[in-house]
file protein07.cif (mmCIF, N, CA and C atoms)
data_run
loop_
_atom_site.label_atom_id
_atom_site.label_comp_id
_atom_site.auth_asym_id
_atom_site.auth_seq_id
_atom_site.Cartn_x
_atom_site.Cartn_y
_atom_site.Cartn_z
N MET Q 278 7.18 -26.80 2.30
CA MET Q 278 6.24 -26.14 1.42
C MET Q 278 7.04 -25.42 0.34
N LEU Q 279 6.57 -25.50 -0.86
CA LEU Q 279 7.22 -24.83 -1.98
C LEU Q 279 6.41 -23.62 -2.42
N ALA Q 280 7.12 -22.55 -2.72
CA ALA Q 280 6.47 -21.35 -3.24
C ALA Q 280 7.35 -20.79 -4.34
N PHE Q 281 6.75 -20.43 -5.45
CA PHE Q 281 7.54 -19.95 -6.58
C PHE Q 281 7.41 -18.45 -6.79
N ASP Q 282 6.24 -17.89 -6.61
CA ASP Q 282 6.04 -16.46 -6.86
C ASP Q 282 6.01 -15.65 -5.58
N ASP Q 283 5.19 -16.08 -4.62
CA ASP Q 283 4.98 -15.32 -3.39
C ASP Q 283 5.53 -16.11 -2.22
N VAL Q 284 6.58 -15.59 -1.59
CA VAL Q 284 7.16 -16.30 -0.45
C VAL Q 284 6.53 -15.85 0.87
N VAL Q 285 5.82 -14.74 0.85
CA VAL Q 285 5.23 -14.21 2.09
C VAL Q 285 4.05 -15.07 2.53
N GLY Q 286 3.17 -15.42 1.58
CA GLY Q 286 1.99 -16.20 1.92
C GLY Q 286 2.31 -17.53 2.59
N PRO Q 287 3.15 -18.36 1.98
CA PRO Q 287 3.49 -19.63 2.63
C PRO Q 287 4.20 -19.45 3.97
N SER Q 288 5.06 -18.44 4.07
CA SER Q 288 5.74 -18.25 5.36
C SER Q 288 4.75 -17.82 6.43
N LYS Q 289 3.72 -17.04 6.06
CA LYS Q 289 2.68 -16.68 7.03
C LYS Q 289 1.89 -17.90 7.44
N ALA Q 290 1.56 -18.75 6.46
CA ALA Q 290 0.78 -19.95 6.77
C ALA Q 290 1.56 -20.88 7.70
N ILE Q 291 2.82 -21.10 7.40
CA ILE Q 291 3.63 -22.00 8.23
C ILE Q 291 3.83 -21.41 9.61
N THR Q 292 4.11 -20.12 9.69
CA THR Q 292 4.33 -19.49 10.99
C THR Q 292 3.06 -19.51 11.83
N ASP Q 293 1.91 -19.23 11.22
CA ASP Q 293 0.64 -19.28 11.96
C ASP Q 293 0.34 -20.70 12.45
N PHE Q 294 0.58 -21.68 11.58
CA PHE Q 294 0.35 -23.06 11.99
C PHE Q 294 1.29 -23.46 13.12
N ALA Q 295 2.54 -23.04 13.04
CA ALA Q 295 3.50 -23.38 14.10
C ALA Q 295 3.12 -22.70 15.41
N ARG Q 296 2.56 -21.51 15.32
CA ARG Q 296 2.17 -20.77 16.52
C ARG Q 296 0.93 -21.39 17.18
N THR Q 297 -0.04 -21.83 16.37
CA THR Q 297 -1.29 -22.38 16.94
C THR Q 297 -1.15 -23.83 17.35
N SER Q 298 -0.43 -24.62 16.61
CA SER Q 298 -0.24 -26.02 16.99
C SER Q 298 1.19 -26.19 17.48
N ARG Q 299 1.34 -26.87 18.55
CA ARG Q 299 2.66 -27.02 19.15
C ARG Q 299 3.45 -28.20 18.56
N ILE Q 300 2.98 -28.76 17.44
CA ILE Q 300 3.67 -29.92 16.88
C ILE Q 300 4.72 -29.54 15.85
N LEU Q 301 4.74 -28.27 15.44
CA LEU Q 301 5.68 -27.83 14.41
C LEU Q 301 6.52 -26.69 14.97
N THR Q 302 7.82 -26.77 14.73
CA THR Q 302 8.73 -25.69 15.10
C THR Q 302 9.55 -25.33 13.87
N VAL Q 303 9.56 -24.06 13.55
CA VAL Q 303 10.34 -23.58 12.41
C VAL Q 303 11.75 -23.31 12.90
N ARG Q 304 12.71 -24.00 12.33
CA ARG Q 304 14.11 -23.81 12.73
C ARG Q 304 14.91 -23.09 11.67
N ALA Q 305 14.54 -23.28 10.41
CA ALA Q 305 15.26 -22.65 9.31
C ALA Q 305 14.38 -22.73 8.06
N GLY Q 306 14.85 -22.10 7.02
CA GLY Q 306 14.13 -22.13 5.75
C GLY Q 306 15.13 -22.06 4.61
N LEU Q 307 14.63 -22.21 3.42
CA LEU Q 307 15.47 -22.16 2.22
C LEU Q 307 14.84 -21.16 1.26
N LEU Q 308 15.59 -20.12 0.92
CA LEU Q 308 15.10 -19.07 0.03
C LEU Q 308 16.17 -18.78 -1.00
N ASN Q 309 15.85 -19.01 -2.26
CA ASN Q 309 16.81 -18.80 -3.36
C ASN Q 309 18.12 -19.53 -3.13
N ASN Q 310 18.02 -20.79 -2.76
CA ASN Q 310 19.18 -21.66 -2.51
C ASN Q 310 20.06 -21.17 -1.38
N GLN Q 311 19.50 -20.38 -0.47
CA GLN Q 311 20.23 -19.94 0.72
C GLN Q 311 19.42 -20.30 1.95
N VAL Q 312 20.12 -20.79 2.97
CA VAL Q 312 19.46 -21.14 4.22
C VAL Q 312 19.20 -19.86 5.00
N ILE Q 313 17.94 -19.72 5.47
CA ILE Q 313 17.58 -18.56 6.29
C ILE Q 313 17.17 -19.06 7.67
N THR Q 314 17.33 -18.22 8.66
CA THR Q 314 17.06 -18.61 10.03
C THR Q 314 15.56 -18.52 10.32
N ALA Q 315 15.19 -19.00 11.50
CA ALA Q 315 13.78 -18.92 11.92
C ALA Q 315 13.36 -17.46 12.07
N GLY Q 316 14.27 -16.60 12.50
CA GLY Q 316 13.98 -15.18 12.59
C GLY Q 316 13.69 -14.56 11.22
N ASP Q 317 14.42 -15.03 10.22
CA ASP Q 317 14.17 -14.55 8.86
C ASP Q 317 12.80 -15.00 8.35
N VAL Q 318 12.42 -16.22 8.70
CA VAL Q 318 11.09 -16.72 8.32
C VAL Q 318 10.02 -15.88 9.01
N GLU Q 319 10.23 -15.54 10.28
CA GLU Q 319 9.28 -14.67 11.00
C GLU Q 319 9.21 -13.29 10.34
N ALA Q 320 10.36 -12.78 9.91
CA ALA Q 320 10.38 -11.47 9.25
C ALA Q 320 9.62 -11.53 7.93
N LEU Q 321 9.77 -12.61 7.17
CA LEU Q 321 9.00 -12.78 5.94
C LEU Q 321 7.51 -12.85 6.22
N ALA Q 322 7.16 -13.54 7.31
CA ALA Q 322 5.74 -13.69 7.66
C ALA Q 322 5.13 -12.36 8.09
N SER Q 323 5.93 -11.44 8.62
CA SER Q 323 5.38 -10.17 9.08
C SER Q 323 5.29 -9.14 7.95
N MET Q 324 5.86 -9.44 6.79
CA MET Q 324 5.78 -8.51 5.67
C MET Q 324 4.38 -8.51 5.06
N PRO Q 325 3.98 -7.39 4.48
CA PRO Q 325 2.71 -7.37 3.74
C PRO Q 325 2.82 -8.22 2.48
N SER Q 326 1.68 -8.60 1.94
CA SER Q 326 1.69 -9.43 0.73
C SER Q 326 2.16 -8.61 -0.47
N ARG Q 327 2.42 -9.31 -1.56
CA ARG Q 327 2.92 -8.66 -2.78
C ARG Q 327 1.91 -7.65 -3.30
N GLU Q 328 0.63 -8.00 -3.24
CA GLU Q 328 -0.40 -7.10 -3.75
C GLU Q 328 -0.46 -5.80 -2.94
N VAL Q 329 -0.31 -5.92 -1.62
CA VAL Q 329 -0.32 -4.73 -0.76
C VAL Q 329 0.88 -3.85 -1.06
N LEU Q 330 2.04 -4.45 -1.23
CA LEU Q 330 3.24 -3.68 -1.54
C LEU Q 330 3.13 -2.99 -2.90
N LEU Q 331 2.56 -3.68 -3.89
CA LEU Q 331 2.36 -3.05 -5.20
C LEU Q 331 1.38 -1.89 -5.11
N ALA Q 332 0.33 -2.05 -4.31
CA ALA Q 332 -0.64 -0.97 -4.14
C ALA Q 332 0.00 0.24 -3.47
N LYS Q 333 0.88 0.00 -2.50
CA LYS Q 333 1.57 1.11 -1.85
C LYS Q 333 2.49 1.84 -2.83
N VAL Q 334 3.20 1.10 -3.64
CA VAL Q 334 4.09 1.72 -4.63
C VAL Q 334 3.28 2.53 -5.63
N LEU Q 335 2.17 1.97 -6.09
CA LEU Q 335 1.31 2.70 -7.02
C LEU Q 335 0.75 3.97 -6.37
N GLY Q 336 0.36 3.88 -5.12
CA GLY Q 336 -0.12 5.06 -4.41
C GLY Q 336 0.95 6.13 -4.29
N LEU Q 337 2.18 5.72 -4.05
CA LEU Q 337 3.28 6.69 -3.97
C LEU Q 337 3.55 7.33 -5.32
N MET Q 338 3.34 6.58 -6.39
CA MET Q 338 3.57 7.14 -7.72
C MET Q 338 2.44 8.09 -8.13
N VAL Q 339 1.21 7.79 -7.75
CA VAL Q 339 0.06 8.58 -8.15
C VAL Q 339 -0.08 9.84 -7.31
N SER Q 340 0.34 9.80 -6.07
CA SER Q 340 0.15 10.91 -5.15
C SER Q 340 0.73 12.24 -5.66
N PRO Q 341 1.97 12.30 -6.13
CA PRO Q 341 2.47 13.59 -6.63
C PRO Q 341 1.69 14.09 -7.84
N MET Q 342 1.25 13.19 -8.70
CA MET Q 342 0.48 13.61 -9.87
C MET Q 342 -0.87 14.20 -9.44
N ALA Q 343 -1.51 13.58 -8.46
CA ALA Q 343 -2.80 14.09 -7.99
C ALA Q 343 -2.62 15.46 -7.34
N ARG Q 344 -1.55 15.63 -6.57
CA ARG Q 344 -1.30 16.94 -5.96
C ARG Q 344 -1.01 17.99 -7.02
N THR Q 345 -0.30 17.63 -8.06
CA THR Q 345 0.00 18.58 -9.14
C THR Q 345 -1.28 19.01 -9.84
N VAL Q 346 -2.16 18.08 -10.12
CA VAL Q 346 -3.44 18.41 -10.76
C VAL Q 346 -4.25 19.33 -9.85
N SER Q 347 -4.24 19.06 -8.56
CA SER Q 347 -4.98 19.90 -7.61
C SER Q 347 -4.43 21.31 -7.59
N VAL Q 348 -3.12 21.45 -7.58
CA VAL Q 348 -2.50 22.78 -7.56
C VAL Q 348 -2.78 23.53 -8.85
N LEU Q 349 -2.70 22.83 -9.98
CA LEU Q 349 -2.93 23.49 -11.27
C LEU Q 349 -4.39 23.87 -11.47
N SER Q 350 -5.31 23.14 -10.89
CA SER Q 350 -6.73 23.47 -11.06
C SER Q 350 -7.20 24.50 -10.04
N GLY Q 351 -6.40 24.82 -9.05
CA GLY Q 351 -6.78 25.80 -8.02
C GLY Q 351 -7.13 27.17 -8.55
N PRO Q 352 -6.29 27.80 -9.37
CA PRO Q 352 -6.62 29.15 -9.86
C PRO Q 352 -7.90 29.20 -10.68
N SER Q 353 -8.13 28.23 -11.54
CA SER Q 353 -9.36 28.25 -12.33
C SER Q 353 -10.58 28.04 -11.44
N ARG Q 354 -10.45 27.22 -10.40
CA ARG Q 354 -11.53 27.01 -9.46
C ARG Q 354 -11.82 28.30 -8.70
N SER Q 355 -10.75 28.98 -8.28
CA SER Q 355 -10.92 30.24 -7.56
C SER Q 355 -11.58 31.29 -8.45
N LEU Q 356 -11.20 31.35 -9.71
CA LEU Q 356 -11.82 32.29 -10.64
C LEU Q 356 -13.30 31.99 -10.80
N ALA Q 357 -13.66 30.74 -10.86
CA ALA Q 357 -15.08 30.37 -10.98
C ALA Q 357 -15.85 30.82 -9.74
N TYR Q 358 -15.27 30.67 -8.55
CA TYR Q 358 -15.94 31.12 -7.32
C TYR Q 358 -16.12 32.63 -7.31
N VAL Q 359 -15.10 33.36 -7.75
CA VAL Q 359 -15.18 34.82 -7.78
C VAL Q 359 -16.25 35.28 -8.77
N LEU Q 360 -16.30 34.66 -9.94
CA LEU Q 360 -17.31 35.03 -10.92
C LEU Q 360 -18.71 34.70 -10.43
N GLN Q 361 -18.87 33.58 -9.74
CA GLN Q 361 -20.18 33.22 -9.20
C GLN Q 361 -20.60 34.20 -8.11
N ALA Q 362 -19.66 34.60 -7.25
CA ALA Q 362 -19.98 35.56 -6.20
C ALA Q 362 -20.37 36.91 -6.80
N ARG Q 363 -19.69 37.34 -7.86
CA ARG Q 363 -20.03 38.61 -8.52
C ARG Q 363 -21.40 38.51 -9.18
N ALA Q 364 -21.71 37.37 -9.80
CA ALA Q 364 -23.02 37.19 -10.41
C ALA Q 364 -24.11 37.23 -9.34
N ASP Q 365 -23.85 36.65 -8.16
CA ASP Q 365 -24.82 36.70 -7.06
C ASP Q 365 -25.01 38.13 -6.57
N GLN Q 366 -23.92 38.92 -6.49
CA GLN Q 366 -24.04 40.32 -6.08
C GLN Q 366 -24.88 41.11 -7.07
N LEU Q 367 -24.66 40.92 -8.35
CA LEU Q 367 -25.42 41.63 -9.37
C LEU Q 367 -26.89 41.22 -9.35
N ALA Q 368 -27.16 39.96 -9.07
CA ALA Q 368 -28.55 39.48 -9.00
C ALA Q 368 -29.25 40.10 -7.80
N GLU Q 369 -28.57 40.26 -6.67
CA GLU Q 369 -29.18 40.87 -5.49
C GLU Q 369 -29.43 42.36 -5.70
N ALA Q 370 -28.53 43.02 -6.42
CA ALA Q 370 -28.66 44.46 -6.65
C ALA Q 370 -29.82 44.76 -7.61
N ALA Q 371 -30.15 43.83 -8.48
CA ALA Q 371 -31.19 44.08 -9.48
C ALA Q 371 -32.55 43.80 -8.98
#

call {"tool": "encode", "arguments": {"input": "protein07.cif", "output": "structure tokens"}}
result
Amino acid sequence: MLAFDDVVGPSKAITDFARTSRILTVRAGLLNNQVITAGDVEALASMPSREVLLAKVLGLMVSPMARTVSVLSGPSRSLAYVLQARADQLAEAA
């Protein structure tokens, strides 16, 4: 099987087929003109897909920014709660 962009998908397909049907045995593979062992093919098959890995990287990049925005908006949010509580106190007193 040939794969040009995503090597994980085909290795998963071949490994699953070899596992379910007993007619195929993976002995080695070829990746970037280098021979890889059957264990390496299994390791490729156990990796998440490219899209999942990109989503994880994006999540790691966005997470600190989201926390920074949350920390910076905390004081203004607290001030709004204090002002609302004071307005409620004045409304009850009147």

call {"tool": "atom_distance", "arguments": {"input": "protein07.cif", "atom1": "atom C of Ser288 of chain Q", "atom2": "atom CA of Ala322 of chain Q"}}
result
4.4 Å

call {"tool": "atom_distance", "arguments": {"input": "protein07.cif", "atom1": "atom CA of Ala315 of chain Q", "atom2": "atom CA of Arg299 of chain Q"}}
result
15.5 Å

call {"tool": "atom_distance", "arguments": {"input": "protein07.cif", "atom1": "atom C of Pro325 of chain Q", "atom2": "atom CA of Val285 of chain Q"}}
result
6.5 Å

call {"tool": "select_by_dssp", "arguments": {"input": "protein07.cif", "residues": "chain Q", "states": "helix (DSSP H, G or I)", "output": "PyMOL selection string"}}
result
chain Q and resi 285-297+315-323+327-370

call {"tool": "resolve_selection", "arguments": {"input": "protein07.cif", "expression": "the PyMOL selection byres ((chain Q and resi 304) around 7)", "output": "list in words"}}
result
Thr302, Val303, Ala305, Gly306, Ile313, Thr314, Ala315 and Gly316 of chain Q

call {"tool": "select_by_dssp", "arguments": {"input": "protein07.cif", "residues": "segment 297-365 of chain Q", "states": "strand (DSSP E)", "output": "list in words"}}
result
Ala305, Gly306, Leu307, Leu308, Gln311, Val312, Ile313 and Thr314 of chain Q

call {"tool": "resolve_selection", "arguments": {"input": "protein07.cif", "expression": "the PyMOL selection byres ((chain Q and resi 289) around 8)", "output": "PyMOL selection string"}}
result
chain Q and resi 284-288+290-295+318-319+321-324
